[in-house]
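Asker: Submitted below is the structure of interest, expressed as structure tokens.
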Amino acid sequence: MMKQLKIALTALLGLFLVSCERPDLDFFEDNEVVTPDGFVRLKFNITHFEQIPFDDNLNYSRASTDVSNVCTRINFAIFSDEGKLNTTNQIIGDEEFGQISVAVPENKQYTVVILAHSGTGNATISKPDSIRFANNKVTDTFFYCGDLEAEDERSHEVKLRRAVAKFQLVTEDEVPENVVEMTFKYTGGSSTFDARTGFGKINSRQTETRPITDEMRGKKAEFEIFTFPHEEEDELKITVTATDAEGKTVIEKVFEKVPVKINQITRCTGTFFDGSNGNVVLRLHTDDEWTKKDFQF
């Protein structure tokens, strides 16, 4: 009886492992990567990033091939009709950062998703249209999503597109001595990404905090947050709160109907810490649709 119980438990454990794990489709022989019969090896090289000039002070060009200048993490997933076959995660400093190789059964259709970002952890790519980031925190993010048929071994040169919009708050007045943290709560965007459409997946309530260091007090400040718009152009409602060491509100302002667009900076500049709490009236004074929109408040 005990022997039969052990056999049953072993079989059940094996079934659980088969049902819950996908195989890693890299094969090794004498520590060398090999491609078995019936498989083909696909290689993906990130060659450049579309619409890269997001910040004037970053040292890269529109056709940059140095991936480490753009992101600190790369997440890769490949799907077939049966589901996800392989996930590869790279972090800056890895020897082949920006180059991905995977063996898959030949003569089948696949969907490939590649993300480049600077989050604190790897993105979870459950499906091409359902991607979440560590702690729901969004950073500058680029992506590729495409379908292919694995007929033979070949290298694919991949161009990634930016997926996010950025909001900047630039204060023309100095940060008070009693402010220790800035909190940004915003709705209208998304922290979940759909690589099929290139837009945000769900309506999210996003929250970002920014600590105030001793070096920042008594000076003008600049803060930035990211989101995935639900379409090419979208609107956010952003509540910005400055708090003291006891968590009490020093000042709070609400930015209504802030226009955001993929690969665009919306920059709000004005006197933030002086004046009363409440809503902010934004006045547009310049408009360059692919670099930034500047507002004053």
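Letters A, B, ... mark the chains of the structure tokens in the order given; residue numbers begin at 1 per chain; ligand numbers begin at 1, in order shown.
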Can I get the residues of range 87-168 of chain A within 6 Å of range 178-193 of chain A, each with the closest pair of atoms and their distance in Å to one decimal, using only C-alpha atoms, sorted chain first then ascending number, as a tab-separated table?

Answerer:
```
residue	atom	partner	partner_atom	distance
A:Ile131	CA	A:Phe193	CA	5.0
A:Arg132	CA	A:Thr192	CA	5.0
A:Asn136	CA	A:Ser191	CA	5.7
```

Asker: Restricting the output to C-alpha atoms, write the selected residues as an mmCIF file, in the first residue's frame.

Answerer:
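out.cif, freshly written:
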```cif
data_model
loop_
_atom_site.group_PDB
_atom_site.id
_atom_site.type_symbol
_atom_site.label_atom_id
_atom_site.label_comp_id
_atom_site.auth_asym_id
_atom_site.auth_seq_id
_atom_site.Cartn_x
_atom_site.Cartn_y
_atom_site.Cartn_z
ATOM 1 C CA ILE A 131 2.476 42.654 -19.917
ATOM 2 C CA ARG A 132 3.071 43.845 -16.368
ATOM 3 C CA ASN A 136 3.555 48.328 -11.513
#
```

Asker: Residues near Phe228 in chain A, anyone? I mean within 10 Å using only C-alpha atoms, not counting same-chain ones fewer than 3 positions away, as a PyMOL selection string.

Answerer: chain A and resi 138-141+162-166+188-194+198-204+231-232+234+260-262

Asker: Any idea what's packed within 8 Å of Glu174 in chain A, counting only C-alpha atoms, ignoring anything in its chain fewer than 5 positions away? Could you give it as a ChimeraX atom specification?

Answerer: /A:217-221,273

Asker: Take CA of His230 in chain A and CA of Ile265 in chain A and report the distance between them in Å, one decimal.

Answerer: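 Separation of CA of His230 in chain A and CA of Ile265 in chain A: 16.0 Å.
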
Asker: Check the DSSP output for the backbone and give back, as a PyMOL selection string, the residues of range 20-211 of chain A in strand (DSSP E).

Answerer: chain A and resi 27-29+32-34+39-50+73-80+83-91+99-105+109-117+124-127+130-132+142-149+154-162+165-171+181-187+192-194+199-200+205-211

Asker: What's around Phe76 in chain A at 7 Å? Count only C-alpha atoms, leave out sequence neighbours fewer than 2 positions away in its own chain, and write the answer as a list of chain:residue names.

Answerer: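 Close residues of Phe76 in chain A: A:Ile74, A:Ile78, A:Thr87, A:Thr88, A:Asn89, A:Val113, A:Ile114, A:Leu115.
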
Asker: Export all heavy atoms of the chosen residues as a short mmCIF file (atom, residue, chain, number, x, y, z; two decimals), in the first residue's frame?

Answerer:
```
data_model
loop_
_atom_site.label_atom_id
_atom_site.label_comp_id
_atom_site.auth_asym_id
_atom_site.auth_seq_id
_atom_site.Cartn_x
_atom_site.Cartn_y
_atom_site.Cartn_z
N ILE A 74 16.37 43.85 -20.60
CA ILE A 74 15.71 43.38 -21.81
C ILE A 74 14.96 42.10 -21.47
O ILE A 74 15.52 41.18 -20.86
CB ILE A 74 16.72 43.11 -22.94
CG1 ILE A 74 17.38 44.44 -23.38
CG2 ILE A 74 16.03 42.44 -24.13
CD1 ILE A 74 18.49 44.25 -24.38
N ILE A 78 8.71 34.25 -26.53
CA ILE A 78 8.26 33.75 -27.82
C ILE A 78 7.08 32.81 -27.59
O ILE A 78 7.11 31.97 -26.68
CB ILE A 78 9.40 33.06 -28.60
CG1 ILE A 78 8.94 32.68 -30.00
CG2 ILE A 78 9.97 31.88 -27.84
CD1 ILE A 78 10.08 32.29 -30.93
N THR A 87 11.23 32.24 -22.32
CA THR A 87 11.44 33.60 -21.81
C THR A 87 12.93 33.79 -21.56
O THR A 87 13.58 32.92 -20.97
CB THR A 87 10.68 33.82 -20.49
OG1 THR A 87 9.28 33.69 -20.73
CG2 THR A 87 10.95 35.22 -19.94
N THR A 88 13.46 34.89 -22.02
CA THR A 88 14.86 35.23 -21.79
C THR A 88 14.94 36.62 -21.19
O THR A 88 14.34 37.56 -21.72
CB THR A 88 15.67 35.19 -23.10
OG1 THR A 88 15.62 33.87 -23.66
CG2 THR A 88 17.13 35.56 -22.85
N ASN A 89 15.65 36.75 -20.09
CA ASN A 89 15.81 38.04 -19.42
C ASN A 89 17.28 38.40 -19.37
O ASN A 89 18.13 37.58 -19.02
CB ASN A 89 15.25 37.97 -17.99
CG ASN A 89 13.77 37.64 -17.98
OD1 ASN A 89 12.99 38.23 -18.72
ND2 ASN A 89 13.38 36.69 -17.14
N VAL A 113 7.98 38.85 -28.62
CA VAL A 113 7.84 40.11 -27.90
C VAL A 113 9.18 40.43 -27.25
O VAL A 113 9.77 39.58 -26.57
CB VAL A 113 6.75 40.03 -26.81
CG1 VAL A 113 6.70 41.34 -26.02
CG2 VAL A 113 5.40 39.74 -27.44
N ILE A 114 9.67 41.65 -27.46
CA ILE A 114 10.91 42.11 -26.84
C ILE A 114 10.64 43.45 -26.18
O ILE A 114 10.04 44.35 -26.79
CB ILE A 114 12.04 42.27 -27.87
CG1 ILE A 114 12.30 40.94 -28.59
CG2 ILE A 114 13.32 42.74 -27.19
CD1 ILE A 114 13.33 41.04 -29.70
N LEU A 115 11.07 43.59 -24.93
CA LEU A 115 10.93 44.84 -24.19
C LEU A 115 12.31 45.32 -23.74
O LEU A 115 13.15 44.51 -23.34
CB LEU A 115 10.05 44.64 -22.96
CG LEU A 115 8.62 44.18 -23.18
CD1 LEU A 115 7.98 43.86 -21.84
CD2 LEU A 115 7.82 45.25 -23.91
#
```

Asker: So, with only C-alpha atoms as the atoms that count, which of A:Glu172, A:Thr213, A:Lys43, A:Lys137 lies closest to Ser155 in chain A?

Answerer: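 Going through A:Glu172, A:Thr213, A:Lys43, A:Lys137 one by one, the smallest distance to Ser155 in chain A is for A:Lys43.
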
Asker: Using only C-alpha atoms, pick whichever of A:Phe49, A:Phe167, A:Phe44, A:Phe255 has the shortest atom-to-atom distance to Glu224 in chain A.

Answerer: A:Phe167

Asker: Pick out the closest residue to Val170 in chain A from this set: A:Arg41, A:His48, A:Arg210, A:Arg267. Count only C-alpha atoms.

Answerer: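 Of the candidates, the smallest distance to Val170 in chain A is held by A:Arg267.
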
Asker: What does the distance from CA of Asn45 in chain A to CA of Val112 in chain A come to in Å, to one decimal?

Answerer: 12.7 Å

Asker: Considering only C-alpha atoms, return as a ChimeraX atom specification whatever protein or nucleic-acid residues lie within 9 Å of Ser68 in chain A, sequence-local ones (same chain, fewer than 5 positions apart) excluded.

Answerer: /A:73,92-93,97-98

Asker: Restricting it to N, CA, C and O atoms, dump the selection as an mmCIF file, in the first residue's frame.

Answerer:
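That gives us out-v3.cif:
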```cif
data_model
loop_
_atom_site.group_PDB
_atom_site.id
_atom_site.type_symbol
_atom_site.label_atom_id
_atom_site.label_comp_id
_atom_site.auth_asym_id
_atom_site.auth_seq_id
_atom_site.Cartn_x
_atom_site.Cartn_y
_atom_site.Cartn_z
ATOM 1 N N ARG A 73 17.399 46.701 -18.712
ATOM 2 C CA ARG A 73 16.828 45.352 -18.780
ATOM 3 C C ARG A 73 16.229 45.092 -20.161
ATOM 4 O O ARG A 73 15.642 45.994 -20.764
ATOM 5 N N ILE A 92 21.737 44.756 -17.851
ATOM 6 C CA ILE A 92 22.912 45.468 -18.311
ATOM 7 C C ILE A 92 24.167 44.902 -17.634
ATOM 8 O O ILE A 92 24.168 44.604 -16.447
ATOM 9 N N GLY A 93 25.186 44.691 -18.408
ATOM 10 C CA GLY A 93 26.400 44.050 -17.916
ATOM 11 C C GLY A 93 26.545 42.629 -18.409
ATOM 12 O O GLY A 93 27.650 42.073 -18.412
ATOM 13 N N PHE A 97 24.257 41.330 -23.974
ATOM 14 C CA PHE A 97 23.135 42.245 -23.761
ATOM 15 C C PHE A 97 22.687 42.832 -25.100
ATOM 16 O O PHE A 97 23.457 43.468 -25.818
ATOM 17 N N GLY A 98 21.417 42.584 -25.451
ATOM 18 C CA GLY A 98 20.888 43.076 -26.720
ATOM 19 C C GLY A 98 20.916 42.052 -27.834
ATOM 20 O O GLY A 98 20.445 42.331 -28.940
#
```

Asker: Give me the residues near Gly275 in chain A as a ChimeraX atom specification, where near means some atom within 12 Å (using only C-alpha atoms) and where sequence neighbours in that chain fewer than 2 positions away do not count.

Answerer: /A:173,250-253,270-273,277-280,297

Asker: Between CA of Asp152 in chain A and CA of Lys127 in chain A, measure the distance and give it in Å to one decimal.

Answerer: 24.8 Å

Asker: Rank nothing, just name the residue among A:Lys257, A:Gln109, A:Thr207, A:Ala103 nearest to Asn135 in chain A, using only C-alpha atoms.

Answerer: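 Among A:Lys257, A:Gln109, A:Thr207, A:Ala103, it is A:Thr207 that comes nearest to Asn135 in chain A.
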
Asker: Pick out the closest residue to Glu233 in chain A from this set: A:Asn122, A:Gln264, A:Gln168, A:Gln206. Count only C-alpha atoms.

Answerer: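 Using only C-alpha atoms, the shortest distance to Glu233 in chain A belongs to A:Gln264.
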